[in-house]
Structure formats: structure tokens, C-alpha cells
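Below: the structure, in C-alpha cells.
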Amino acid sequence: MSRFLCVVPPLVGHINPLVGVADELARRGHRVAWAGYGDQIRRLAGPAAEVFECAMPDGGLRRPPKLTGPAAFRFLWEEFFLPLAELMAPGVDAAIDAYRPDVVVTDQHAVAGALVAERHGVVHLSSATTSAELVDPLAGLPKVGAWLQELLGDLRCRIGNPAETGDPRFSPHGIIAFTGRDLLGDEPLPHERVHLVGPAVAPRGGGPDFPWDLLDPDRSTVLVTLGTANTDAGGPFLAEALRALDGLGDRVQGVVVDPGGFLGRPPPGVLVREHVPQLELLERVDAVVCHGGHNTVCESLWHGVPLVVAPIRDDQPIVAGQVVDAGAGIRVRFNRVRADRLGAAIATVLDPGSGHRAAAGAIGTRLRAAGGTSAAADHLERAAMRPSHVSAPG
């Protein structure tokens, strides 16, 4: 039996992929613990999850709503991810001392996990929950890239091993990437120890109830969701989506996720829910309209479902471009969306002649073959048998 410690930021989309992997490792007889925000981890991984608490920022991630591009990237690192690492480092340090893990699995954006494990000389692998980080999104912004590397170097001097080098987002021991080559295209990977395992599609307990009997088998079903972190910004888009679905009502049934309660009484044939059991619903839908969140995109494609993508910020424009380049969907504007154009995009991806469904189906076949949680667990088991000090690949 080996011991694995998962270090995660307080972000649902970064925790969920590792929940399925942790369950698979436990099923194989290993012990898994977590370092992060305990209440959130137990809500997602189950009340019995073993958690080492880490300090967290007050109020979570709050940012100016209209911040985009390089400014948004700088804000994320300077105002959230780097302070988060400083706060989490003592908790991670205490967890490694007390738990003595054989392997630390650390989210790319919880860099305290990588730096503290590095200082302890413990094998650590990165968990990459987005394809955007693997294709060097800062390649065209060398000054921003140099700025980040300087900040990460200073952080390493404070909480890691100053004698080490390399980007803590990309562990030399390995990267478990919950994506596939179809989204990455021909882009080179950070090194040869990147394991593309596809999305972690695994049962999630405690999901919300859903009126399955209200789904109309004679119409195509379209899911509209903006993920868990865009509630405040989503109202206008969801209202336009509601009108678009109403216009397609003779042949399309919409399911709209509205956690903020922005929408009033929906038109006939459109279901509006605060939350939905997304993985179960993806087995029954014919298209997804989303913000380009990587988990939603990969889970949709895993099920062979084409997409209409309206990216908002962060990695979402990159992921949206990857979906379009792969032929599996259409990109629309988020801030300037109009019901008629959104309806036309939905109708197009639903049309078998457009090729989007065929492309999504082919991508889904390859994502399923990548192995998901089982493949991730295989790589982690092998890592537990390796010595802690390895040379940087490449």
C-alpha cells in the first residue's frame, strides 16, 4: 500500500478530476489524503475524506468582472495563486510531516504542493485540469512569461528549495493531464512525462435530483451551463439562451442551469434548474452550450456531444479555440450574444451534415481509450515506486 497526498486549490473544477482518481486508488488498496479547504473537499470527495487543513484567502477568488487577456492572467497569479501558495505552504508542510506520503499529487495552480514536496524530497506529480497550460499560452507574451517565472522563483526561495530549478507547474516526475491530443493538436508538450489520460469521468455522489420523466424523447436535448464560477456574470447570456431555445422549441428541448436564479418563468419545453447531475445528463443530451470550462468540454466530448462554446475568461478562449480547431463545435461571443445567432449555432451543431457530431464522437472514442481515472491511478502507482530525485526530462 502506498500513501498519496492530493494538494488542491479551493476551486471545484480543479478538485473534481482528482476525486475519481482518489477513489480508484483507494479501491486498489492505497491510502489517499488531501491538503486544502476541508469543507469543500469533503463536499466533493465525501465526508470521510482525510483532510489536512490549509489556510485559505478570505472571500475566495474575487476579481474585476471585465478583466480579460494578459491583465486577467496577471491578476490571477499576483492576487490569488501566489498568495494562495504562501497561505497553503505551512499546511502542506505539516501534512507531509504527519502523513509521510509516498507521492504528492498537486494541482498545477496549487504550487505550494510542488514546492514544499520538492523541499522535502518527495516524489510529486502535477495535476493538469486544463489543456491550455500544456500549450504555453504565454508563448506570444514573453514579458508576461518572464514576469511569472521571476515571481515563481521568488516564491521557491521562500517556501521551496532554492537550489532547485524548473517551473513548479510542470513536475519533472510527471504530469497527469485530464485532456487529450485532439484538443492539443500538434503542439509540443512540456516534456515526455506528460500523461494524457482524458477526463476523469467517474460517479459523483450526492448529485441533485432531476425530473428525468420531463425529457422529451421526440426532441433533441440541449444543455446550457456556465459552470460553477461564473454565476454573477451569466444572467444576460442565460436570458438570450432561453430565447434561443424557445425559438427552436418545435425540435429542441433545453435544460438551462441557473444557479443564480436570474431567469423567470421559462417558456414551455425548457427546463430551468439551479443545479443538474451533469455527468448523468450528458448521457442523454445532443449538444452542450457552455463557457469553455475544460472539464465540461472534455466530459461532453467523452460522451460524443458537440458544443457551442462562449468563453468568458482565463483558459476558456484557448479551450474554445481548441474545440473549433478539432471540428467539434462552434464558438460564439459571450458578452454580445444574441438569441438568433445562438439559436443558429445550436441548430448547426445538431445538424448531422455539419460534421460536428461526427467529430465529437471520434474524439470521444479516443478520450475513452485514454483511460481516465484508471490510467491516472496506473501512472501514480508507478511513480510511488520511483526514487524521489529525478533529472528534469528532455
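Residues in the C-alpha cells are named by chain (A, B, ... in the order shown) and by number from 1 within that chain; ligands are numbered from 1 in the order shown.
Residues surrounding A:Gly198 within 8 Å are Ala177, Phe178, Thr179, Gly180, Cys298, Leu367, Arg368, Ala370, Gly371 and Gly372 of chain A [only C-alpha atoms; sequence separation below 4 positions excluded].
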Exercise: A:Leu226 partners within 9 Å, only C-alpha atoms, chain neighbours under 5 positions left out, as a PDB file with N, CA, C and O atoms, in the first residue's frame:
```pdb
ATOM      1  N   THR A 231     -21.392  32.565 -11.940  1.00  0.00           N
ATOM      2  CA  THR A 231     -22.792  32.853 -11.615  1.00  0.00           C
ATOM      3  C   THR A 231     -23.120  34.326 -11.812  1.00  0.00           C
ATOM      4  O   THR A 231     -24.133  34.680 -12.432  1.00  0.00           O
ATOM      5  N   GLY A 234     -23.363  35.511 -15.557  1.00  0.00           N
ATOM      6  CA  GLY A 234     -24.095  34.703 -16.521  1.00  0.00           C
ATOM      7  C   GLY A 234     -25.496  35.118 -16.858  1.00  0.00           C
ATOM      8  O   GLY A 234     -26.068  34.611 -17.834  1.00  0.00           O
ATOM      9  N   LEU A 238     -27.662  33.730 -20.172  1.00  0.00           N
ATOM     10  CA  LEU A 238     -28.698  32.719 -19.962  1.00  0.00           C
ATOM     11  C   LEU A 238     -30.056  33.195 -20.478  1.00  0.00           C
ATOM     12  O   LEU A 238     -30.839  32.402 -21.010  1.00  0.00           O
ATOM     13  N   VAL A 257     -29.007  25.584 -16.765  1.00  0.00           N
ATOM     14  CA  VAL A 257     -28.550  25.613 -15.378  1.00  0.00           C
ATOM     15  C   VAL A 257     -28.431  27.067 -14.944  1.00  0.00           C
ATOM     16  O   VAL A 257     -27.665  27.844 -15.532  1.00  0.00           O
ATOM     17  N   ASP A 258     -29.203  27.442 -13.921  1.00  0.00           N
ATOM     18  CA  ASP A 258     -29.292  28.837 -13.484  1.00  0.00           C
ATOM     19  C   ASP A 258     -29.074  28.918 -11.974  1.00  0.00           C
ATOM     20  O   ASP A 258     -30.007  29.135 -11.210  1.00  0.00           O
ATOM     21  N   VAL A 289     -24.197  23.814 -24.669  1.00  0.00           N
ATOM     22  CA  VAL A 289     -23.775  25.215 -24.761  1.00  0.00           C
ATOM     23  C   VAL A 289     -23.083  25.538 -23.455  1.00  0.00           C
ATOM     24  O   VAL A 289     -23.676  25.390 -22.373  1.00  0.00           O
ATOM     25  N   CYS A 290     -21.817  25.960 -23.509  1.00  0.00           N
ATOM     26  CA  CYS A 290     -21.077  26.193 -22.273  1.00  0.00           C
ATOM     27  C   CYS A 290     -20.066  27.318 -22.453  1.00  0.00           C
ATOM     28  O   CYS A 290     -19.921  27.890 -23.528  1.00  0.00           O
ATOM     29  N   HIS A 291     -19.341  27.597 -21.374  1.00  0.00           N
ATOM     30  CA  HIS A 291     -18.388  28.699 -21.310  1.00  0.00           C
ATOM     31  C   HIS A 291     -16.977  28.294 -21.727  1.00  0.00           C
ATOM     32  O   HIS A 291     -16.081  29.139 -21.705  1.00  0.00           O
ATOM     33  N   GLY A 292     -16.780  27.060 -22.044  1.00  0.00           N
ATOM     34  CA  GLY A 292     -15.443  26.605 -22.411  1.00  0.00           C
ATOM     35  C   GLY A 292     -14.629  26.131 -21.233  1.00  0.00           C
ATOM     36  O   GLY A 292     -13.408  25.988 -21.344  1.00  0.00           O
ATOM     37  N   GLY A 293     -15.270  25.872 -20.085  1.00  0.00           N
ATOM     38  CA  GLY A 293     -14.549  25.259 -18.980  1.00  0.00           C
ATOM     39  C   GLY A 293     -14.034  23.893 -19.403  1.00  0.00           C
ATOM     40  O   GLY A 293     -14.768  23.094 -19.999  1.00  0.00           O
ATOM     41  N   ALA A 310     -18.985  29.591 -25.532  1.00  0.00           N
ATOM     42  CA  ALA A 310     -18.969  31.046 -25.339  1.00  0.00           C
ATOM     43  C   ALA A 310     -17.973  31.357 -24.230  1.00  0.00           C
ATOM     44  O   ALA A 310     -18.352  31.498 -23.065  1.00  0.00           O
TER      45      ALA A 310
END
```
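When the distance limit is 12 Å and only C-alpha atoms are what count, the residues near A:Thr348, minus those fewer than 2 positions from it on the same chain, are Leu248, Asp286, Ala287, Pro306, Leu307, Val308, Ala328, Gly329, Ile330, Arg331, Arg341, Leu342, Gly343, Ala344, Ala345, Ile346, Leu350, Asp351, Pro352, Gly353, Ser354, Gly355, His356 and Arg357 of chain A.
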### Query
How would you write, as a ChimeraX atom specification, the set of residues in stretch 93-331 of chain A that DSSP gives as alpha helix (DSSP H)?
/A:93-99,111-120,142-159,181-184,235-247,278-282,294-302,316-325
#### Entry: DSSP-assigned strand (DSSP E) among stretch 169-388 of chain A, expressed as a ChimeraX atom specification
/A:175-177,194-196,220-225,252-257,270-273,287-290,307-309,329-331
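In this comparison, which uses only C-alpha atoms, the residue of A:Gly264, A:His120, A:Leu196, A:Val297 approaching A:Ala320 most closely is A:Val297.
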Report as a Markdown table: every residue of stretch 104-185 of chain A with an atom at most 7 Å from stretch 87-92 of chain A, its closest pair of atoms, and their distance in Å to one decimal, counting only C-alpha atoms, with rows sorted by chain and ascending residue number.
```
| residue | atom | partner | partner_atom | distance |
| --- | --- | --- | --- | --- |
| A:Ala112 | CA | A:Ala89 | CA | 5.2 |
| A:Gly113 | CA | A:Val92 | CA | 6.4 |
| A:Val116 | CA | A:Ala89 | CA | 6.7 |
| A:Ile159 | CA | A:Ala89 | CA | 6.7 |
```
### Summary
Restricting to only C-alpha atoms, whichever of A:Ile312, A:Leu115, A:Leu18, A:Val51 is closest to A:Ala163 is A:Leu115
I want to know what sits within 12 Å of A:Arg27, based on only C-alpha atoms, with residues of the same chain fewer than 6 positions away left out; could you give that as a compact mmCIF listing (two decimals) with all heavy atoms, in the first residue's frame?
```
# COMPACT_ATOMS: atom_id res chain seq x y z
N MET A 1 0.84 -1.20 0.00
CA MET A 1 0.00 0.00 0.00
C MET A 1 0.87 1.24 0.00
O MET A 1 1.84 1.33 0.74
CB MET A 1 -0.91 0.02 1.23
CG MET A 1 -1.80 1.27 1.31
SD MET A 1 -2.76 1.39 2.84
CE MET A 1 -1.49 1.97 3.97
N GLY A 20 -12.21 11.27 -8.55
CA GLY A 20 -12.32 9.96 -9.16
C GLY A 20 -11.03 9.17 -9.08
O GLY A 20 -11.04 7.95 -8.87
N VAL A 21 -9.89 9.86 -9.24
CA VAL A 21 -8.60 9.19 -9.15
C VAL A 21 -8.36 8.69 -7.72
O VAL A 21 -7.89 7.56 -7.51
CB VAL A 21 -7.47 10.14 -9.58
CG1 VAL A 21 -6.10 9.45 -9.45
CG2 VAL A 21 -7.67 10.60 -11.02
N THR A 373 -9.57 7.85 -15.03
CA THR A 373 -9.11 7.65 -13.66
C THR A 373 -8.23 6.40 -13.52
O THR A 373 -7.28 6.40 -12.74
CB THR A 373 -10.32 7.53 -12.71
OG1 THR A 373 -11.16 6.46 -13.14
CG2 THR A 373 -11.13 8.81 -12.69
N SER A 374 -8.55 5.36 -14.27
CA SER A 374 -7.75 4.14 -14.17
C SER A 374 -6.33 4.38 -14.65
O SER A 374 -5.35 3.94 -14.02
CB SER A 374 -8.42 3.02 -14.97
OG SER A 374 -7.65 1.83 -14.91
N ALA A 377 -4.42 6.50 -12.14
CA ALA A 377 -4.00 5.70 -10.99
C ALA A 377 -2.81 4.81 -11.34
O ALA A 377 -1.90 4.62 -10.52
CB ALA A 377 -5.17 4.85 -10.49
```
